$ cat upload_36.csv   # CSV, C-alpha atoms
chain,number,residue,atom,x,y,z
A,1,GLN,CA,29.3,-2.8,-12.1
A,2,VAL,CA,29.9,-5.2,-9.2
A,3,LEU,CA,33.5,-6.4,-9.1
A,4,GLN,CA,34.7,-9.7,-7.9
A,5,LEU,CA,38.2,-11.0,-7.4
A,6,PHE,CA,38.4,-14.8,-7.4
A,7,GLY,CA,34.8,-15.0,-6.2
A,8,ASP,CA,35.1,-12.4,-3.4
A,9,TYR,CA,33.4,-9.1,-3.5
A,10,ALA,CA,35.9,-6.4,-4.5
A,11,GLY,CA,33.7,-3.4,-4.8
A,12,THR,CA,31.3,-1.5,-7.0
A,13,ALA,CA,32.1,0.9,-9.8
A,14,LYS,CA,29.3,3.5,-9.8
A,15,ASP,CA,30.9,6.4,-11.5
A,16,PRO,CA,30.7,6.7,-15.3
A,17,GLY,CA,33.8,6.8,-17.4
A,18,LEU,CA,36.8,4.8,-18.4
A,19,ARG,CA,38.6,2.9,-15.6
A,20,TRP,CA,41.5,0.7,-15.3
A,21,ALA,CA,40.7,-2.7,-13.7
A,22,ASN,CA,42.6,-5.7,-12.6
A,23,PRO,CA,42.3,-8.3,-15.4
A,24,PHE,CA,41.4,-10.9,-12.9
A,25,LEU,CA,38.3,-9.0,-11.8
A,26,THR,CA,35.0,-10.3,-13.0
A,27,ARG,CA,32.3,-7.7,-13.6
A,28,LYS,CA,28.5,-8.0,-13.4
A,29,LYS,CA,26.3,-5.1,-14.5
A,30,LEU,CA,23.6,-4.0,-12.1
A,31,SER,CA,21.2,-1.1,-12.8
A,32,LEU,CA,20.8,1.6,-10.1
A,33,ARG,CA,17.8,3.2,-11.9
A,34,VAL,CA,14.4,3.6,-10.3
A,35,ARG,CA,12.0,0.8,-11.3
A,36,ASN,CA,8.3,0.1,-11.1
A,37,PHE,CA,6.8,-3.2,-10.1
A,38,GLU,CA,3.1,-3.5,-10.7
A,39,GLY,CA,1.7,-6.6,-9.1
A,40,SER,CA,-1.0,-8.8,-10.4
A,41,LYS,CA,-4.5,-8.7,-8.8
A,42,LEU,CA,-4.5,-10.8,-5.7
A,43,LYS,CA,-7.6,-12.3,-4.1
A,44,VAL,CA,-7.4,-12.0,-0.3
A,45,ASN,CA,-9.7,-11.6,2.6
A,46,ASP,CA,-9.8,-8.2,4.4
A,47,ALA,CA,-9.9,-7.8,8.2
A,48,ASP,CA,-13.6,-8.5,8.2
A,49,GLY,CA,-13.2,-11.7,6.2
A,50,ASN,CA,-14.7,-10.4,3.0
A,51,PRO,CA,-12.9,-11.6,-0.2
A,52,ILE,CA,-11.4,-8.7,-2.1
A,53,GLU,CA,-9.2,-8.1,-5.2
A,54,ILE,CA,-6.2,-5.9,-4.5
A,55,ALA,CA,-3.0,-4.9,-6.5
A,56,ALA,CA,-0.2,-2.5,-5.8
A,57,VAL,CA,2.5,-0.5,-7.5
A,58,VAL,CA,5.9,-0.5,-5.9
A,59,VAL,CA,8.6,2.1,-7.0
A,60,TRP,CA,12.1,0.9,-6.0
A,61,ARG,CA,15.8,1.0,-6.8
A,62,VAL,CA,18.9,-0.8,-5.8
A,63,VAL,CA,21.1,1.1,-3.3
A,64,GLU,CA,23.4,-1.6,-2.0
A,65,THR,CA,24.8,-3.5,-5.0
A,66,ALA,CA,26.7,-6.1,-2.9
A,67,GLU,CA,23.5,-7.1,-1.0
A,68,ALA,CA,21.4,-7.2,-4.2
A,69,MET,CA,23.9,-9.5,-5.9
A,70,PHE,CA,25.0,-11.8,-3.0
A,71,GLU,CA,22.3,-11.8,-0.3
A,72,VAL,CA,19.4,-13.1,-2.5
A,73,ASP,CA,19.4,-15.3,-5.6
A,74,ASP,CA,17.5,-13.0,-7.9
A,75,TYR,CA,16.8,-9.6,-6.5
A,76,GLN,CA,14.1,-8.7,-9.1
A,77,ASN,CA,12.1,-11.8,-8.3
A,78,TYR,CA,12.7,-11.2,-4.6
A,79,VAL,CA,11.2,-7.7,-4.9
A,80,ARG,CA,8.1,-9.2,-6.7
A,81,VAL,CA,7.5,-12.0,-4.1
A,82,GLN,CA,8.1,-9.9,-1.0
A,83,SER,CA,6.0,-7.0,-2.4
A,84,GLU,CA,3.0,-9.4,-2.9
A,85,ALA,CA,3.5,-10.9,0.5
A,86,ALA,CA,3.5,-7.5,2.1
A,87,LEU,CA,0.4,-6.5,0.2
A,88,ARG,CA,-1.4,-9.6,1.3
A,89,ASN,CA,-0.5,-8.8,4.9
A,90,ALA,CA,-1.6,-5.2,4.6
A,91,ALA,CA,-4.9,-6.2,3.1
A,92,THR,CA,-5.7,-8.5,5.9
A,93,SER,CA,-4.9,-5.8,8.5
A,94,TYR,CA,-7.7,-3.4,7.4
A,95,PRO,CA,-11.4,-3.8,6.5
A,96,TYR,CA,-12.4,-2.9,2.9
A,97,ASP,CA,-14.8,-0.3,4.1
A,98,ALA,CA,-15.2,1.3,7.5
A,99,HIS,CA,-18.7,1.3,9.1
A,100,GLU,CA,-17.5,3.6,11.9
A,101,GLU,CA,-15.6,6.9,11.6
A,102,HIS,CA,-12.6,6.0,13.7
A,103,VAL,CA,-11.7,2.8,11.9
A,104,VAL,CA,-9.0,2.9,9.2
A,105,SER,CA,-10.1,1.1,6.0
A,106,LEU,CA,-8.5,0.2,2.7
A,107,ARG,CA,-11.0,2.3,0.7
A,108,GLY,CA,-11.4,5.3,3.0
A,109,ASN,CA,-7.8,5.9,4.2
A,110,THR,CA,-5.6,5.3,1.2
A,111,ALA,CA,-2.7,7.5,2.5
A,112,VAL,CA,-2.5,5.6,5.8
A,113,VAL,CA,-2.6,2.2,4.0
A,114,ALA,CA,0.0,3.3,1.5
A,115,GLU,CA,2.3,4.4,4.2
A,116,HIS,CA,1.9,1.1,6.1
A,117,LEU,CA,2.4,-0.8,2.8
A,118,GLN,CA,5.6,1.1,2.0
A,119,LYS,CA,7.1,0.5,5.5
A,120,GLU,CA,6.3,-3.2,5.3
A,121,VAL,CA,7.8,-3.6,1.8
A,122,GLN,CA,10.9,-1.7,2.8
A,123,GLN,CA,11.4,-3.8,5.9
A,124,ARG,CA,11.1,-7.0,3.8
A,125,LEU,CA,13.5,-5.7,1.0
A,126,GLN,CA,16.1,-4.2,3.3
A,127,LYS,CA,18.3,-7.3,3.3
A,128,ALA,CA,18.4,-7.2,-0.6
A,129,GLY,CA,19.9,-3.7,-0.7
A,130,VAL,CA,16.7,-2.2,-2.2
A,131,GLU,CA,15.1,1.1,-1.3
A,132,VAL,CA,11.4,1.5,-1.6
A,133,ILE,CA,10.5,4.9,-2.9
A,134,GLU,CA,6.8,4.5,-3.0
A,135,ALA,CA,4.2,1.8,-2.6
A,136,ARG,CA,0.5,2.3,-3.2
A,137,ILE,CA,-2.7,0.4,-4.0
A,138,SER,CA,-3.5,0.4,-7.7
A,139,HIS,CA,-6.6,-1.8,-7.7
A,140,LEU,CA,-9.1,-2.4,-5.0
A,141,ALA,CA,-12.5,-4.1,-5.4
A,142,TYR,CA,-14.7,-6.7,-3.8
A,143,ALA,CA,-14.3,-10.1,-5.3
A,144,PRO,CA,-16.9,-10.7,-8.1
A,145,GLU,CA,-18.8,-13.4,-6.1
A,146,ILE,CA,-19.8,-10.9,-3.4
A,147,ALA,CA,-19.7,-7.6,-5.3
A,148,ALA,CA,-23.5,-7.4,-5.9
A,149,ALA,CA,-24.3,-8.2,-2.2
A,150,MET,CA,-21.8,-5.6,-1.0
A,151,LEU,CA,-23.2,-3.0,-3.3
A,152,GLN,CA,-26.7,-3.7,-1.9
A,153,ARG,CA,-25.2,-3.3,1.6
A,154,GLN,CA,-23.6,0.0,0.7
A,155,GLN,CA,-26.9,1.2,-0.7
A,156,ALA,CA,-28.8,0.2,2.4
A,157,GLY,CA,-26.2,2.0,4.5
A,158,ALA,CA,-26.6,5.1,2.4
A,159,ILE,CA,-30.4,5.0,2.8
A,160,ILE,CA,-30.2,4.6,6.6
A,161,ALA,CA,-27.7,7.5,6.8
A,162,ALA,CA,-30.1,9.7,4.7
A,163,ARG,CA,-33.0,8.8,7.0
A,164,GLN,CA,-31.0,9.6,10.1
A,165,ARG,CA,-30.2,13.0,8.6
A,166,ILE,CA,-33.8,13.7,7.7
A,167,VAL,CA,-34.9,12.8,11.3
A,168,ALA,CA,-32.1,14.9,12.8
A,169,GLY,CA,-33.2,17.8,10.6
A,170,ALA,CA,-36.9,17.4,11.6
A,171,VAL,CA,-36.0,17.3,15.3
A,172,GLY,CA,-33.8,20.4,14.9
A,173,MET,CA,-36.7,22.2,13.2
A,174,VAL,CA,-39.1,21.3,16.0
A,175,GLU,CA,-36.6,22.5,18.6
A,176,MET,CA,-36.2,25.8,16.8
A,177,ALA,CA,-40.0,26.3,16.6
A,178,LEU,CA,-40.4,25.6,20.3
A,179,GLN,CA,-37.6,28.0,21.2
A,180,MET,CA,-39.2,30.8,19.1
A,181,LEU,CA,-42.6,30.2,20.6
A,182,SER,CA,-41.3,30.4,24.1
A,183,HIS,CA,-39.1,33.4,23.3
A,184,ARG,CA,-42.1,35.3,21.9
A,185,GLY,CA,-44.2,34.3,24.9
A,186,VAL,CA,-46.9,32.6,22.8
A,187,VAL,CA,-46.7,29.4,24.7
A,188,THR,CA,-45.0,28.4,28.0
A,189,LEU,CA,-43.9,24.8,28.1
A,190,ASP,CA,-42.5,22.9,31.0

$ encode --input "upload_36.csv" --output "structure tokens"
Amino acid sequence: QVLQLFGDYAGTAKDPGLRWANPFLTRKKLSLRVRNFEGSKLKVNDADGNPIEIAAVVVWRVVETAEAMFEVDDYQNYVRVQSEAALRNAATSYPYDAHEEHVVSLRGNTAVVAEHLQKEVQQRLQKAGVEVIEARISHLAYAPEIAAAMLQRQQAGAIIAARQRIVAGAVGMVEMALQMLSHRGVVTLD
């Protein structure tokens, strides 16, 4: 319970049990339990400008009761709004899918994205006395209006990758055959 004496913060009673309190103290209950916030699906553009649908789960708890009660109007609503703002910002920082190996993407590097999201949500919620235990993406998909086109793009990319592998395998087989022929002395090539 958060205790106030004539409108001023007087302290927080965190321990269970019976306590004597000044009768002029006003008490407001505040839960210190771990809570979940599952955001709704947001439609945003990724770093490449593709519209995507994204949602996140944030696991949090109040650690500083005075800040939660007095620094923001409604700390639960503050958690919701700031979590969604951080998710929007994180989604625009990365492409949905990486077309190169060294690029971090929302779909391919979920651990990196979750760590970035957790840090950003924690930074935003610090002033409300809230600790973010975990933040991760719970839903990720292309927006319905471009989903079919992006599926075709992924299929085309898979076909190209398969053809490249077939060509690389064929070239490797020819190199092996030439090495064996020259090793056995059947043919001498320059």

$ closest_atom_pairs --input "upload_36.csv" --of "range 140-163 of chain A" --to "range 35-41 of chain A" --cutoff "12 Å" --atoms "all atoms listed in the file" --output "CSV"
residue,atom,partner,partner_atom,distance
A:Leu140,CA,A:Lys41,CA,8.7
A:Ala141,CA,A:Lys41,CA,9.8
A:Tyr142,CA,A:Lys41,CA,11.5
A:Ala143,CA,A:Lys41,CA,10.5

$ closest_residue --input "upload_36.csv" --among "A:Gln126, A:His139, A:His99, A:Val167" --to "Arg153 in chain A" --atoms "all atoms listed in the file"
A:His99

$ residues_around --input "upload_36.csv" --residues "Val130 in chain A" --least-positions-apart "5" --cutoff "7 Å" --atoms "all atoms listed in the file" --output "list in words"
Trp60, Arg61, Val62, Val63, Glu64 and Leu125 of chain A

$ atom_distance --input "upload_36.csv" --atom1 "CA of Glu175 in chain A" --atom2 "CA of Ile160 in chain A"
22.5 Å

$ residues_near_point --input "upload_36.csv" --point "(-10.9, -2.0, 9.2)" --cutoff "7 Å" --atoms "only C-alpha atoms" --output "ChimeraX atom specification"
/A:47,94-98,103-105

$ closest_residue --input "upload_36.csv" --among "A:Ile137, A:Ala161, A:Ala148, A:Ala128" --to "Thr65 in chain A" --atoms "all atoms listed in the file"
A:Ala128

$ atom_distance --input "upload_36.csv" --atom1 "CA of Leu3 in chain A" --atom2 "CA of Thr26 in chain A"
5.7 Å

$ closest_residue --input "upload_36.csv" --among "A:Ala66, A:Leu32, A:Val58, A:Val186" --to "Asp8 in chain A" --atoms "only C-alpha atoms"
A:Ala66

$ atom_distance --input "upload_36.csv" --atom1 "CA of Asp74 in chain A" --atom2 "CA of Arg19 in chain A"
27.5 Å

$ closest_residue --input "upload_36.csv" --among "A:Glu71, A:Glu145, A:Glu131, A:Asp190" --to "Tyr9 in chain A" --atoms "all atoms listed in the file"
A:Glu71

$ closest_residue --input "upload_36.csv" --among "A:Gln155, A:Ala85, A:Ala149, A:Ala91" --to "Val121 in chain A" --atoms "all atoms listed in the file"
A:Ala85

$ closest_residue --input "upload_36.csv" --among "A:Ser182, A:Asn22, A:Gln76, A:Asn45" --to "Gly129 in chain A" --atoms "only C-alpha atoms"
A:Gln76

$ residues_around --input "upload_36.csv" --residues "Val113 in chain A" --least-positions-apart "3" --cutoff "10 Å" --atoms "all atoms listed in the file" --output "ChimeraX atom specification"
/A:87,90-91,93-94,104-110,116-119,135-137

$ residues_around --input "upload_36.csv" --residues "Arg124 in chain A" --least-positions-apart "3" --cutoff "8 Å" --atoms "all atoms listed in the file" --output "VMD selection string"
chain A and resid 82 86 120 to 121 127
